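Note: the block below is coords.csv and it holds CSV, C-alpha atoms.
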chain,number,residue,atom,x,y,z
A,9,MET,CA,17.5,24.4,9.1
A,10,LYS,CA,16.7,21.0,7.7
A,11,ILE,CA,13.0,20.3,6.8
A,12,VAL,CA,11.7,16.9,5.6
A,13,ILE,CA,8.8,17.1,3.2
A,14,ALA,CA,6.9,13.8,3.1
A,15,LEU,CA,3.5,14.1,1.6
A,16,ASP,CA,1.3,11.5,0.0
A,17,SER,CA,-0.7,12.2,-3.1
A,18,PHE,CA,-3.7,14.4,-3.2
A,19,LYS,CA,-5.9,12.0,-5.1
A,20,GLY,CA,-7.4,13.3,-8.3
A,21,SER,CA,-5.4,16.4,-7.9
A,22,CYS,CA,-1.6,16.0,-7.7
A,23,SER,CA,0.9,13.2,-7.2
A,24,ALA,CA,3.0,12.8,-4.1
A,25,GLN,CA,6.0,14.0,-6.0
A,26,ALA,CA,4.2,17.2,-7.2
A,27,ALA,CA,2.8,17.8,-3.7
A,28,CYS,CA,6.3,17.7,-2.2
A,29,ALA,CA,7.7,19.9,-4.9
A,30,ALA,CA,5.0,22.5,-4.3
A,31,VAL,CA,5.6,22.6,-0.6
A,32,ALA,CA,9.4,23.0,-1.3
A,33,GLN,CA,8.6,25.9,-3.6
A,34,GLY,CA,6.6,27.6,-0.8
A,35,LEU,CA,9.3,27.0,1.8
A,36,ARG,CA,12.0,28.5,-0.4
A,37,ARG,CA,10.1,31.8,-0.4
A,38,VAL,CA,10.8,32.1,3.3
A,39,SER,CA,14.6,31.4,2.9
A,40,ASP,CA,17.0,30.1,0.3
A,41,ALA,CA,19.2,28.8,3.1
A,42,LEU,CA,16.9,25.9,4.1
A,43,THR,CA,18.0,22.3,3.6
A,44,LEU,CA,14.9,20.6,2.1
A,45,VAL,CA,14.6,16.8,1.8
A,46,GLU,CA,11.7,15.9,-0.6
A,47,MET,CA,10.5,12.4,0.4
A,48,PRO,CA,7.2,11.5,-1.4
A,49,VAL,CA,5.4,8.7,0.4
A,50,SER,CA,2.6,6.2,-0.1
A,51,ASP,CA,0.7,4.1,2.4
A,52,GLY,CA,1.6,1.0,0.4
A,53,GLY,CA,-1.6,0.5,-1.6
A,54,GLU,CA,-2.4,1.4,-5.1
A,55,GLY,CA,0.0,4.0,-6.5
A,56,LEU,CA,2.9,2.6,-4.5
A,57,LEU,CA,5.1,2.1,-7.6
A,58,ALA,CA,4.4,5.5,-9.1
A,59,THR,CA,5.4,7.2,-5.9
A,60,LEU,CA,8.6,5.1,-5.4
A,61,ALA,CA,9.7,5.3,-9.1
A,62,GLU,CA,10.2,9.0,-8.9
A,63,SER,CA,11.5,9.2,-5.4
A,64,PRO,CA,14.8,11.0,-5.2
A,65,GLN,CA,15.6,8.8,-2.2
A,66,LEU,CA,15.6,5.6,-4.2
A,67,SER,CA,17.9,4.3,-6.9
A,68,VAL,CA,15.5,2.7,-9.4
A,69,VAL,CA,17.2,0.5,-12.0
A,70,ARG,CA,14.2,0.1,-14.3
A,71,TRP,CA,10.6,-0.5,-14.9
A,72,GLN,CA,9.9,-4.0,-16.2
A,73,GLN,CA,6.7,-4.6,-18.2
A,74,GLN,CA,5.1,-8.0,-17.9
A,75,ARG,CA,2.2,-9.2,-20.0
A,76,CYS,CA,0.1,-11.4,-17.8
A,77,HIS,CA,-3.4,-12.6,-17.0
A,78,GLY,CA,-5.8,-10.0,-15.6
A,79,PRO,CA,-8.3,-11.0,-12.9
A,80,TYR,CA,-10.8,-12.4,-15.5
A,81,GLY,CA,-8.2,-14.0,-17.8
A,82,LYS,CA,-7.8,-11.2,-20.3
A,83,PRO,CA,-4.2,-10.2,-20.9
A,84,VAL,CA,-3.0,-7.0,-19.2
A,85,GLU,CA,0.3,-5.1,-19.2
A,86,ALA,CA,1.5,-5.0,-15.6
A,87,ALA,CA,4.7,-3.3,-14.5
A,88,PHE,CA,7.0,-3.7,-11.6
A,89,LEU,CA,10.1,-1.9,-10.4
A,90,ILE,CA,13.6,-3.3,-9.9
A,91,LEU,CA,15.8,-1.4,-7.5
A,92,ALA,CA,19.5,-1.1,-7.4
A,93,ASP,CA,19.8,-3.6,-4.5
A,94,GLY,CA,18.1,-6.4,-6.5
A,95,GLN,CA,14.7,-5.9,-5.0
A,96,ALA,CA,11.5,-6.0,-7.0
A,97,MET,CA,8.5,-3.8,-6.1
A,98,ILE,CA,5.3,-5.4,-7.2
A,99,GLU,CA,1.8,-3.9,-7.0
A,100,MET,CA,-1.0,-6.5,-7.0
A,101,ALA,CA,-3.4,-3.9,-8.5
A,102,GLN,CA,-1.4,-3.9,-11.7
A,103,SER,CA,-2.3,-7.4,-12.6
A,104,CYS,CA,-5.3,-8.3,-10.4
A,105,GLY,CA,-6.8,-4.9,-9.6
A,106,LEU,CA,-10.5,-4.2,-9.0
A,107,GLU,CA,-10.3,-1.1,-11.2
A,108,LEU,CA,-9.2,-3.2,-14.2
A,109,THR,CA,-12.8,-4.3,-14.7
A,110,PRO,CA,-16.0,-2.2,-14.9
A,111,ALA,CA,-18.2,-2.6,-11.8
A,112,ALA,CA,-21.0,-4.2,-13.8
A,113,GLU,CA,-18.7,-6.9,-15.0
A,114,ARG,CA,-17.2,-7.9,-11.7
A,115,ASP,CA,-17.8,-11.4,-10.2
A,116,ALA,CA,-15.6,-12.4,-7.3
A,117,ARG,CA,-16.3,-16.1,-8.0
A,118,ARG,CA,-14.5,-15.9,-11.4
A,119,ALA,CA,-11.6,-13.6,-10.5
A,120,SER,CA,-8.1,-15.2,-10.2
A,121,SER,CA,-4.8,-14.0,-8.7
A,122,TYR,CA,-2.8,-15.9,-11.4
A,123,GLY,CA,-1.4,-12.6,-12.8
A,124,LEU,CA,0.3,-11.8,-9.6
A,125,GLY,CA,2.1,-15.2,-9.6
A,126,GLU,CA,3.2,-14.4,-13.2
A,127,GLN,CA,4.7,-11.1,-12.0
A,128,VAL,CA,6.5,-12.8,-9.1
A,129,LYS,CA,7.9,-15.4,-11.5
A,130,ALA,CA,9.1,-12.6,-13.9
A,131,ALA,CA,10.8,-10.9,-11.0
A,132,LEU,CA,12.6,-14.2,-10.0
A,133,ASP,CA,13.6,-14.7,-13.6
A,134,ALA,CA,15.1,-11.2,-13.6
A,135,GLY,CA,17.3,-12.2,-10.7
A,136,CYS,CA,15.6,-10.4,-7.9
A,137,HIS,CA,16.3,-11.9,-4.5
A,138,LYS,CA,13.9,-9.8,-2.5
A,139,LEU,CA,10.3,-9.0,-3.3
A,140,THR,CA,8.0,-6.4,-1.8
A,141,ILE,CA,4.3,-6.8,-2.8
A,142,GLY,CA,1.6,-4.2,-2.3
A,143,LEU,CA,-1.7,-5.9,-1.7
A,144,GLY,CA,-4.2,-3.0,-2.1
A,145,GLY,CA,-7.1,-2.9,-4.5
A,146,SER,CA,-7.5,-6.5,-5.6
A,147,ALA,CA,-10.5,-8.0,-7.5
A,148,THR,CA,-9.9,-11.5,-6.3
A,149,ASN,CA,-11.3,-13.8,-3.6
A,150,ASP,CA,-9.5,-17.0,-4.5
A,151,GLY,CA,-7.3,-17.6,-1.5
A,152,GLY,CA,-4.3,-17.1,-3.8
A,153,ILE,CA,-4.7,-20.4,-5.6
A,154,GLY,CA,-4.3,-18.7,-9.0
A,155,PHE,CA,-1.1,-17.0,-7.7
A,156,ALA,CA,0.2,-20.4,-6.5
A,157,GLN,CA,-0.6,-22.1,-9.8
A,158,ALA,CA,1.5,-19.6,-11.7
A,159,LEU,CA,4.4,-20.6,-9.4
A,160,GLY,CA,4.0,-24.4,-9.8
A,161,ALA,CA,1.6,-25.4,-7.1
A,162,ARG,CA,-1.1,-27.9,-8.2
A,163,PHE,CA,-4.6,-28.4,-6.9
A,164,TRP,CA,-6.2,-31.8,-7.4
A,165,ARG,CA,-9.8,-32.7,-7.5
A,166,ALA,CA,-11.2,-35.9,-5.8
A,167,ASP,CA,-11.5,-37.5,-9.3
A,168,GLY,CA,-7.8,-37.2,-9.9
A,169,THR,CA,-7.9,-34.2,-12.3
A,170,LEU,CA,-6.3,-30.8,-11.8
A,171,LEU,CA,-8.2,-27.6,-11.4
A,172,PRO,CA,-8.3,-25.5,-14.5
A,173,THR,CA,-5.7,-22.7,-15.0
A,174,PRO,CA,-6.1,-20.0,-14.0
A,175,ALA,CA,-8.2,-21.2,-11.0
A,176,ALA,CA,-10.6,-18.8,-9.3
A,177,GLY,CA,-12.7,-18.5,-6.2
A,178,GLU,CA,-15.4,-20.7,-7.7
A,179,HIS,CA,-12.9,-23.6,-7.7
A,180,LEU,CA,-12.0,-23.5,-4.0
A,181,ALA,CA,-14.7,-26.0,-3.0
A,182,SER,CA,-13.4,-28.6,-5.5
A,183,ILE,CA,-9.9,-28.9,-4.1
A,184,ALA,CA,-9.1,-32.4,-2.6
A,185,ARG,CA,-5.4,-32.0,-2.3
A,186,VAL,CA,-2.8,-29.2,-2.3
A,187,ASP,CA,0.4,-30.4,-4.1
A,188,LEU,CA,3.5,-28.2,-3.5
A,189,SER,CA,6.0,-30.7,-5.0
A,190,GLN,CA,6.6,-28.5,-8.1
A,191,LEU,CA,6.4,-25.1,-6.4
A,192,ASP,CA,9.2,-22.8,-7.7
A,193,PRO,CA,12.2,-23.6,-5.4
A,194,ARG,CA,13.5,-20.1,-5.7
A,195,LEU,CA,10.8,-18.9,-3.3
A,196,GLN,CA,12.6,-20.7,-0.5
A,197,HIS,CA,15.6,-18.5,-1.0
A,198,THR,CA,13.8,-15.2,-1.6
A,199,GLU,CA,12.9,-12.7,1.0
A,200,VAL,CA,9.2,-11.7,0.5
A,201,GLN,CA,7.3,-9.1,2.3
A,202,ALA,CA,3.9,-7.6,1.6
A,203,SER,CA,2.3,-4.4,2.5
A,204,CYS,CA,-0.9,-5.2,4.4
A,205,ASP,CA,-2.9,-2.6,6.3
A,206,VAL,CA,-5.7,-4.9,7.4
A,207,THR,CA,-5.8,-7.5,10.1
A,208,ASN,CA,-8.6,-9.6,8.9
A,209,PRO,CA,-8.3,-13.4,9.3
A,210,LEU,CA,-9.0,-15.7,6.3
A,211,LEU,CA,-12.4,-17.0,7.5
A,212,GLY,CA,-15.5,-15.9,9.3
A,213,GLU,CA,-17.5,-12.7,9.6
A,214,GLN,CA,-14.4,-10.5,9.7
A,215,GLY,CA,-12.6,-12.6,7.0
A,216,ALA,CA,-11.7,-12.0,3.4
A,217,THR,CA,-15.1,-13.0,1.9
A,218,TRP,CA,-17.7,-11.4,4.1
A,219,VAL,CA,-15.8,-8.1,4.6
A,220,TYR,CA,-14.5,-7.4,1.1
A,221,GLY,CA,-16.4,-9.8,-1.2
A,222,PRO,CA,-19.4,-7.4,-1.8
A,223,GLN,CA,-17.2,-4.7,-3.3
A,224,LYS,CA,-15.7,-7.3,-5.7
A,225,GLY,CA,-19.1,-8.3,-7.2
A,226,ALA,CA,-20.3,-11.0,-4.9
A,227,ASP,CA,-24.0,-11.1,-3.9
A,228,HIS,CA,-25.3,-12.9,-0.8
A,229,ALA,CA,-25.5,-16.3,-2.5
A,230,ALA,CA,-22.0,-15.9,-3.9
A,231,LEU,CA,-20.6,-14.8,-0.5
A,232,HIS,CA,-22.0,-18.0,1.1
A,233,ALA,CA,-20.5,-20.2,-1.7
A,234,LEU,CA,-17.1,-18.4,-1.6
A,235,GLU,CA,-16.9,-18.7,2.2
A,236,ALA,CA,-17.8,-22.4,2.1
A,237,GLY,CA,-15.2,-22.9,-0.6
A,238,MET,CA,-12.5,-20.9,1.4
A,239,ALA,CA,-13.1,-23.0,4.5
A,240,HIS,CA,-12.8,-26.2,2.5
A,241,TYR,CA,-9.6,-25.0,0.8
A,242,ASN,CA,-8.2,-24.0,4.2
A,243,GLN,CA,-8.6,-27.6,5.4
A,244,GLN,CA,-6.6,-28.9,2.5
A,245,LEU,CA,-4.0,-26.2,2.9
A,246,THR,CA,-3.6,-26.9,6.6
A,247,ALA,CA,-3.1,-30.6,5.7
A,248,ALA,CA,-0.3,-29.7,3.2
A,249,LEU,CA,1.5,-27.2,5.5
A,250,GLY,CA,1.0,-29.0,8.8
A,251,ARG,CA,-0.4,-25.8,10.3
A,252,ASP,CA,-3.4,-23.6,10.1
A,253,ILE,CA,-2.6,-20.0,9.0
A,254,SER,CA,-6.2,-18.9,8.6
A,255,PRO,CA,-6.4,-17.0,12.0
A,256,LEU,CA,-3.2,-15.0,11.4
A,257,PRO,CA,-3.8,-11.2,11.2
A,258,GLY,CA,-3.8,-10.2,7.5
A,259,ALA,CA,-4.5,-13.7,6.2
A,260,GLY,CA,-7.7,-12.4,4.7
A,261,ALA,CA,-6.0,-9.4,2.9
A,262,ALA,CA,-6.7,-9.2,-0.8
A,263,GLY,CA,-9.1,-12.1,-1.0
A,264,GLY,CA,-6.8,-14.4,0.9
A,265,MET,CA,-3.6,-13.4,-0.8
A,266,GLY,CA,-2.2,-12.7,2.7
A,267,ALA,CA,-2.6,-16.3,3.6
A,268,ALA,CA,-1.2,-17.4,0.2
A,269,LEU,CA,1.9,-15.3,0.5
A,270,ILE,CA,2.6,-16.8,4.0
A,271,ALA,CA,1.8,-20.3,2.8
A,272,TYR,CA,3.6,-20.4,-0.5
A,273,ALA,CA,6.4,-17.8,-0.1
A,274,ASN,CA,6.9,-17.6,3.6
A,275,ALA,CA,6.2,-13.9,3.4
A,276,THR,CA,6.1,-11.4,6.2
A,277,LEU,CA,3.1,-9.1,6.3
A,278,ARG,CA,3.8,-5.5,7.3
A,279,PRO,CA,1.9,-2.2,7.4
A,280,GLY,CA,2.4,-0.5,4.1
A,281,ILE,CA,3.7,2.8,5.4
A,282,ALA,CA,6.3,1.0,7.6
A,283,LEU,CA,7.6,-0.7,4.5
A,284,VAL,CA,7.7,2.5,2.5
A,285,LEU,CA,9.5,4.5,5.2
A,286,GLU,CA,12.1,1.7,5.6
A,287,LEU,CA,12.8,1.8,1.9
A,288,LEU,CA,13.2,5.5,1.9
A,289,ASN,CA,15.5,5.4,5.0
A,290,ALA,CA,13.2,7.9,6.7
A,291,ASP,CA,14.8,7.5,10.1
A,292,HIS,CA,18.1,8.7,8.7
A,293,HIS,CA,16.5,11.8,7.0
A,294,LEU,CA,14.4,12.7,10.1
A,295,SER,CA,17.2,12.1,12.7
A,296,ASN,CA,18.6,15.6,12.4
A,297,ALA,CA,15.6,17.5,11.0
A,298,THR,CA,14.1,20.7,12.5
A,299,LEU,CA,10.6,20.2,11.1
A,300,ALA,CA,8.6,17.8,9.0
A,301,PHE,CA,5.7,18.4,6.6
A,302,VAL,CA,3.2,15.6,5.9
A,303,GLY,CA,-0.1,15.6,4.2
A,304,GLU,CA,-2.8,14.2,1.9
A,305,GLY,CA,-6.1,15.3,0.5
A,306,TRP,CA,-8.3,14.5,3.5
A,307,LEU,CA,-7.6,14.1,7.2
A,308,ASP,CA,-10.0,12.5,9.7
A,309,ARG,CA,-9.8,10.0,12.5
A,310,GLN,CA,-9.3,7.2,9.9
A,311,SER,CA,-6.0,8.7,9.0
A,312,ALA,CA,-4.6,7.2,12.2
A,313,PHE,CA,-5.1,3.7,10.8
A,314,GLY,CA,-2.1,3.0,8.5
A,315,LYS,CA,-2.2,6.3,6.5
A,316,ALA,CA,1.0,7.9,5.4
A,317,PRO,CA,0.8,11.2,7.4
A,318,VAL,CA,0.5,9.5,10.8
A,319,GLY,CA,3.2,6.9,9.8
A,320,VAL,CA,5.7,9.7,9.0
A,321,ALA,CA,4.7,11.5,12.2
A,322,ALA,CA,5.4,8.5,14.3
A,323,THR,CA,8.9,8.2,12.9
A,324,ALA,CA,9.5,12.0,13.4
A,325,ALA,CA,8.4,11.7,17.0
A,326,ARG,CA,11.2,9.2,17.7
A,327,HIS,CA,13.6,12.0,16.8
A,328,GLN,CA,11.6,14.7,18.5
A,329,VAL,CA,10.8,16.5,15.2
A,330,PRO,CA,7.6,18.5,15.2
A,331,VAL,CA,5.2,17.7,12.4
A,332,ILE,CA,2.8,20.0,10.4
A,333,ALA,CA,0.1,18.4,8.3
A,334,LEU,CA,-1.3,20.0,5.1
A,335,CYS,CA,-4.6,18.8,3.7
A,336,GLY,CA,-7.3,19.7,1.3
A,337,GLY,CA,-9.9,19.3,4.0
A,338,ARG,CA,-10.5,17.7,7.4
A,339,ASP,CA,-13.4,17.1,9.7
A,340,ASP,CA,-13.8,17.5,13.5
A,341,SER,CA,-12.6,14.0,14.1
A,342,SER,CA,-9.2,14.9,12.7
A,343,ARG,CA,-8.4,16.5,16.1
A,344,GLN,CA,-7.7,12.9,17.3
A,345,LEU,CA,-4.6,13.1,15.2
A,346,TYR,CA,-3.0,15.4,17.7
A,347,GLN,CA,-2.7,12.2,19.8
A,348,HIS,CA,-0.7,10.6,17.0
A,349,HIS,CA,2.3,13.1,16.8
A,350,ILE,CA,0.7,15.6,14.5
A,351,ASP,CA,1.5,19.0,16.0
A,352,ALA,CA,-0.5,21.3,13.7
A,353,MET,CA,-2.9,20.9,10.7
A,354,TRP,CA,-3.5,23.4,8.0
A,355,SER,CA,-6.1,23.2,5.3
A,356,ILE,CA,-4.6,24.5,2.1
A,357,CYS,CA,-7.8,26.3,1.1
A,358,PRO,CA,-7.6,30.0,2.1
A,359,ARG,CA,-11.3,30.6,1.6
A,360,PRO,CA,-14.5,28.7,0.8
A,361,MET,CA,-14.1,27.4,-2.8
A,362,PRO,CA,-15.6,24.7,-5.0
A,363,LEU,CA,-13.9,21.4,-4.8
A,364,ALA,CA,-13.0,21.5,-8.5
A,365,GLU,CA,-11.4,24.9,-8.1
A,366,SER,CA,-9.2,23.8,-5.1
A,367,MET,CA,-8.2,20.6,-6.9
A,368,ALA,CA,-7.2,22.5,-10.0
A,369,ALA,CA,-5.0,24.9,-8.0
A,370,SER,CA,-3.7,22.3,-5.5
A,371,GLU,CA,0.0,22.9,-6.1
A,372,LYS,CA,-0.3,26.7,-5.7
A,373,LEU,CA,-2.4,26.3,-2.6
A,374,LEU,CA,0.1,23.8,-1.2
A,375,ALA,CA,3.0,26.2,-1.8
A,376,ASP,CA,1.1,29.1,-0.2
A,377,ALA,CA,0.0,27.1,2.9
A,378,ALA,CA,3.5,25.7,3.4
A,379,GLU,CA,5.0,29.2,3.3
A,380,ASN,CA,2.4,30.5,5.9
A,381,ALA,CA,2.9,27.5,8.1
A,382,LEU,CA,6.7,27.9,8.2
A,383,ARG,CA,6.5,31.6,8.9
A,384,THR,CA,4.2,30.8,11.8
A,385,PHE,CA,6.5,28.1,13.1
A,386,LEU,CA,9.5,30.5,12.8
A,387,ALA,CA,7.6,33.3,14.6
A,388,GLY,CA,7.0,31.0,17.5
A,389,ARG,CA,10.6,30.1,17.7
A,390,HIS,CA,11.7,33.7,17.6
A,391,ARG,CA,9.3,34.5,20.5
A,392,GLU,CA,10.7,31.6,22.5
A,393,LYS,CA,14.2,32.8,21.9
A,394,ASP,CA,13.3,36.4,22.9
A,395,LYS,CA,11.8,35.1,26.2
A,396,ARG,CA,14.9,33.1,27.0
A,397,THR,CA,17.1,36.1,26.2
A,398,THR,CA,15.0,38.4,28.4
A,399,ALA,CA,15.0,36.0,31.3
Can the structure in the file be given as structure tokens, please?
Amino acid sequence: MKIVIALDSFKGSCSAQAACAAVAQGLRRVSDALTLVEMPVSDGGEGLLATLAESPQLSVVRWQQQRCHGPYGKPVEAAFLILADGQAMIEMAQSCGLELTPAAERDARRASSYGLGEQVKAALDAGCHKLTIGLGGSATNDGGIGFAQALGARFWRADGTLLPTPAAGEHLASIARVDLSQLDPRLQHTEVQASCDVTNPLLGEQGATWVYGPQKGADHAALHALEAGMAHYNQQLTAALGRDISPLPGAGAAGGMGAALIAYANATLRPGIALVLELLNADHHLSNATLAFVGEGWLDRQSAFGKAPVGVAATAARHQVPVIALCGGRDDSSRQLYQHHIDAMWSICPRPMPLAESMAASEKLLADAAENALRTFLAGRHREKDKRTTA
């Protein structure tokens, strides 16, 4: 019997790798003859690199450290992965992450995506011909102009002067012309894809500024100013490109980085879990499996929107593989996940216990729950076999 173990991290408790290893330990108590495929997964946001770096399904050549500008100009050490196939895996949160700055010091008007551009340039300099960029957790709302500057784009004011470097959201309203004549030509020969789990356009009530700006340190006045600047910038970008990309789904991701990646790198935006499962060759591993285990710390109806367990379950369903989800907890709305190819859900907590206690013992609890779930699954199969034999 082949079982695929594809869990995401249990945040604050154990990594995806540790969760998968714990489940494997529990399953081996049932039988040593099982073929177990440990496939730690991520939904493509923060933590993507850590999950992929330790995946037994990927051949990682090396981590590469890059000293670059943080969202507010201070230097940060950001890392990216280089895979054996010449692909670079970059996580925007490493260079431009919201969590790099204390909440009291955040101001979306001053945050720049310049550091992400520096990371992309470093990957190109390292010879990478394919880039995958995780867009989760950004501090920025600059429409990607900082990113573009780092790669050679120039933004001119009406008085003939250039925007300062790194440029930020507060400079959007000053752009009179977008100049792509010195944009790094390697981008035209590089395949770029980005994990993007939101469909927000660039502008409007559902756009980058109004939906995500408040969590990045923008008050009501700042939101109005940033939205006006973004709309003005979009007019200049449309003139430079010859098309308006602002309505495209995902253009508003990460403060407009979705739009910037499309505009400056001809990127494809894809759901994060879809990218991760493709990298891990999940279809191959699930094609002849008997059972799959998925899971993360909490399951509810929101888990159906781009989260790892449902993404794995959808792939398993294509191969008619039943799926058991393990979680720290769930609410009544999680029943909706039965409509998304989750066949059974088990909380790993065997009794009422304080959250701190369950988090401290998460790996043991995962192992125990996995063992019990598999024994239940096998008992059902044996009964079905007995019925067929009797008939």
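Using only C-alpha atoms, the smallest distance between any of A:Gln102, A:Asn149, A:Asn242, A:Asn296 and Ala116 (chain A) comes from A:Asn149.
Every protein, DNA or RNA residue with an atom at most 9 Å from Trp71 (chain A), where all atoms listed in the file count and chain neighbours fewer than 3 positions away do not, is listed here: Ala61, Val68, Ala87, Phe88, Leu89 and Ile90 of chain A.
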With the cut-off set at 12 Å and counting all atoms listed in the file, tabulate each residue of region 66-99 of chain A with an atom at most that distance from an atom of region 278-293 of chain A, showing the nearest atom pair and its distance in Å to one decimal, ordered by chain and increasing number, as a Markdown table.
| residue | atom | partner | partner_atom | distance |
| --- | --- | --- | --- | --- |
| A:Leu66 | CA | A:Leu288 | CA | 6.6 |
| A:Ser67 | CA | A:Leu288 | CA | 10.0 |
| A:Val68 | CA | A:Leu287 | CA | 11.7 |
| A:Leu91 | CA | A:Leu287 | CA | 10.4 |
| A:Ala92 | CA | A:Leu287 | CA | 11.8 |
| A:Asp93 | CA | A:Leu287 | CA | 10.9 |
| A:Gln95 | CA | A:Leu287 | CA | 10.5 |
| A:Ala96 | CA | A:Leu287 | CA | 11.9 |
| A:Met97 | CA | A:Leu287 | CA | 10.7 |
| A:Glu99 | CA | A:Gly280 | CA | 11.6 |
Can you write out the residues you just picked, keeping C-alpha atoms, as a CSV table (one decimal), in the coordinates of the input?
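As a result, again35.csv now contains:
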chain,number,residue,atom,x,y,z
A,66,LEU,CA,15.6,5.6,-4.2
A,67,SER,CA,17.9,4.3,-6.9
A,68,VAL,CA,15.5,2.7,-9.4
A,91,LEU,CA,15.8,-1.4,-7.5
A,92,ALA,CA,19.5,-1.1,-7.4
A,93,ASP,CA,19.8,-3.6,-4.5
A,95,GLN,CA,14.7,-5.9,-5.0
A,96,ALA,CA,11.5,-6.0,-7.0
A,97,MET,CA,8.5,-3.8,-6.1
A,99,GLU,CA,1.8,-3.9,-7.0
Within 12 Å of file point (1.5, 16.1, 0.4), counting all atoms listed in the file, expressed as a PyMOL selection string: chain A and resi 12-19+21-32+46-50+59+300-307+316-317+320+332-336+354-356+370-371+373-375+377-378
Output C-alpha atoms of each residue in that selection to a file, as a compact mmCIF listing (two decimals), in the coordinates of the input.
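The result, stored in selection-v7.txt:
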# COMPACT_ATOMS: atom_id res chain seq x y z
CA VAL A 12 11.70 16.90 5.60
CA ILE A 13 8.80 17.10 3.20
CA ALA A 14 6.90 13.80 3.10
CA LEU A 15 3.50 14.10 1.60
CA ASP A 16 1.30 11.50 0.00
CA SER A 17 -0.70 12.20 -3.10
CA PHE A 18 -3.70 14.40 -3.20
CA LYS A 19 -5.90 12.00 -5.10
CA SER A 21 -5.40 16.40 -7.90
CA CYS A 22 -1.60 16.00 -7.70
CA SER A 23 0.90 13.20 -7.20
CA ALA A 24 3.00 12.80 -4.10
CA GLN A 25 6.00 14.00 -6.00
CA ALA A 26 4.20 17.20 -7.20
CA ALA A 27 2.80 17.80 -3.70
CA CYS A 28 6.30 17.70 -2.20
CA ALA A 29 7.70 19.90 -4.90
CA ALA A 30 5.00 22.50 -4.30
CA VAL A 31 5.60 22.60 -0.60
CA ALA A 32 9.40 23.00 -1.30
CA GLU A 46 11.70 15.90 -0.60
CA MET A 47 10.50 12.40 0.40
CA PRO A 48 7.20 11.50 -1.40
CA VAL A 49 5.40 8.70 0.40
CA SER A 50 2.60 6.20 -0.10
CA THR A 59 5.40 7.20 -5.90
CA ALA A 300 8.60 17.80 9.00
CA PHE A 301 5.70 18.40 6.60
CA VAL A 302 3.20 15.60 5.90
CA GLY A 303 -0.10 15.60 4.20
CA GLU A 304 -2.80 14.20 1.90
CA GLY A 305 -6.10 15.30 0.50
CA TRP A 306 -8.30 14.50 3.50
CA LEU A 307 -7.60 14.10 7.20
CA ALA A 316 1.00 7.90 5.40
CA PRO A 317 0.80 11.20 7.40
CA VAL A 320 5.70 9.70 9.00
CA ILE A 332 2.80 20.00 10.40
CA ALA A 333 0.10 18.40 8.30
CA LEU A 334 -1.30 20.00 5.10
CA CYS A 335 -4.60 18.80 3.70
CA GLY A 336 -7.30 19.70 1.30
CA TRP A 354 -3.50 23.40 8.00
CA SER A 355 -6.10 23.20 5.30
CA ILE A 356 -4.60 24.50 2.10
CA SER A 370 -3.70 22.30 -5.50
CA GLU A 371 0.00 22.90 -6.10
CA LEU A 373 -2.40 26.30 -2.60
CA LEU A 374 0.10 23.80 -1.20
CA ALA A 375 3.00 26.20 -1.80
CA ALA A 377 0.00 27.10 2.90
CA ALA A 378 3.50 25.70 3.40
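Considering the residues A:Gln73, A:Asn274, A:Ser295, A:Ser182 and counting only C-alpha atoms, Ala236 (chain A) has its shortest atom-to-atom contact with A:Ser182.
Of note, CA of Ala158 (chain A) and CA of Tyr122 (chain A) are spaced 5.7 Å apart.
Ranking A:Asp51, A:Asp252, A:Glu365, A:Asp192 by their shortest atom-to-atom distance to Pro209 (chain A), with all atoms listed in the file included, puts A:Asp252 first.
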Generate the missing atoms of region 118-126 of chain A up to N, CA and C atoms and report them as a PDB file, keeping the file's coordinate frame.
ATOM      1  N   ARG A 118     -15.259 -15.586 -10.192  1.00  0.00           N
ATOM      2  CA  ARG A 118     -14.500 -15.900 -11.400  1.00  0.00           C
ATOM      3  C   ARG A 118     -13.096 -15.217 -11.416  1.00  0.00           C
ATOM      4  N   ALA A 119     -12.811 -14.370 -10.456  1.00  0.00           N
ATOM      5  CA  ALA A 119     -11.600 -13.600 -10.500  1.00  0.00           C
ATOM      6  C   ALA A 119     -10.405 -14.458  -9.932  1.00  0.00           C
ATOM      7  N   SER A 120      -9.254 -14.352 -10.589  1.00  0.00           N
ATOM      8  CA  SER A 120      -8.100 -15.200 -10.200  1.00  0.00           C
ATOM      9  C   SER A 120      -6.866 -14.271  -9.963  1.00  0.00           C
ATOM     10  N   SER A 121      -6.033 -14.715  -9.040  1.00  0.00           N
ATOM     11  CA  SER A 121      -4.800 -14.000  -8.700  1.00  0.00           C
ATOM     12  C   SER A 121      -3.603 -14.538  -9.534  1.00  0.00           C
ATOM     13  N   TYR A 122      -3.872 -15.278 -10.601  1.00  0.00           N
ATOM     14  CA  TYR A 122      -2.800 -15.900 -11.400  1.00  0.00           C
ATOM     15  C   TYR A 122      -1.805 -14.846 -11.911  1.00  0.00           C
ATOM     16  N   GLY A 123      -2.296 -13.672 -12.303  1.00  0.00           N
ATOM     17  CA  GLY A 123      -1.400 -12.600 -12.800  1.00  0.00           C
ATOM     18  C   GLY A 123      -0.347 -12.200 -11.853  1.00  0.00           C
ATOM     19  N   LEU A 124      -0.687 -12.148 -10.567  1.00  0.00           N
ATOM     20  CA  LEU A 124       0.300 -11.800  -9.600  1.00  0.00           C
ATOM     21  C   LEU A 124       1.415 -12.826  -9.511  1.00  0.00           C
ATOM     22  N   GLY A 125       1.044 -14.092  -9.605  1.00  0.00           N
ATOM     23  CA  GLY A 125       2.100 -15.200  -9.600  1.00  0.00           C
ATOM     24  C   GLY A 125       2.968 -15.014 -10.846  1.00  0.00           C
ATOM     25  N   GLU A 126       2.401 -14.615 -11.989  1.00  0.00           N
ATOM     26  CA  GLU A 126       3.200 -14.400 -13.200  1.00  0.00           C
ATOM     27  C   GLU A 126       4.200 -13.249 -12.965  1.00  0.00           C
TER      28      GLU A 126
END
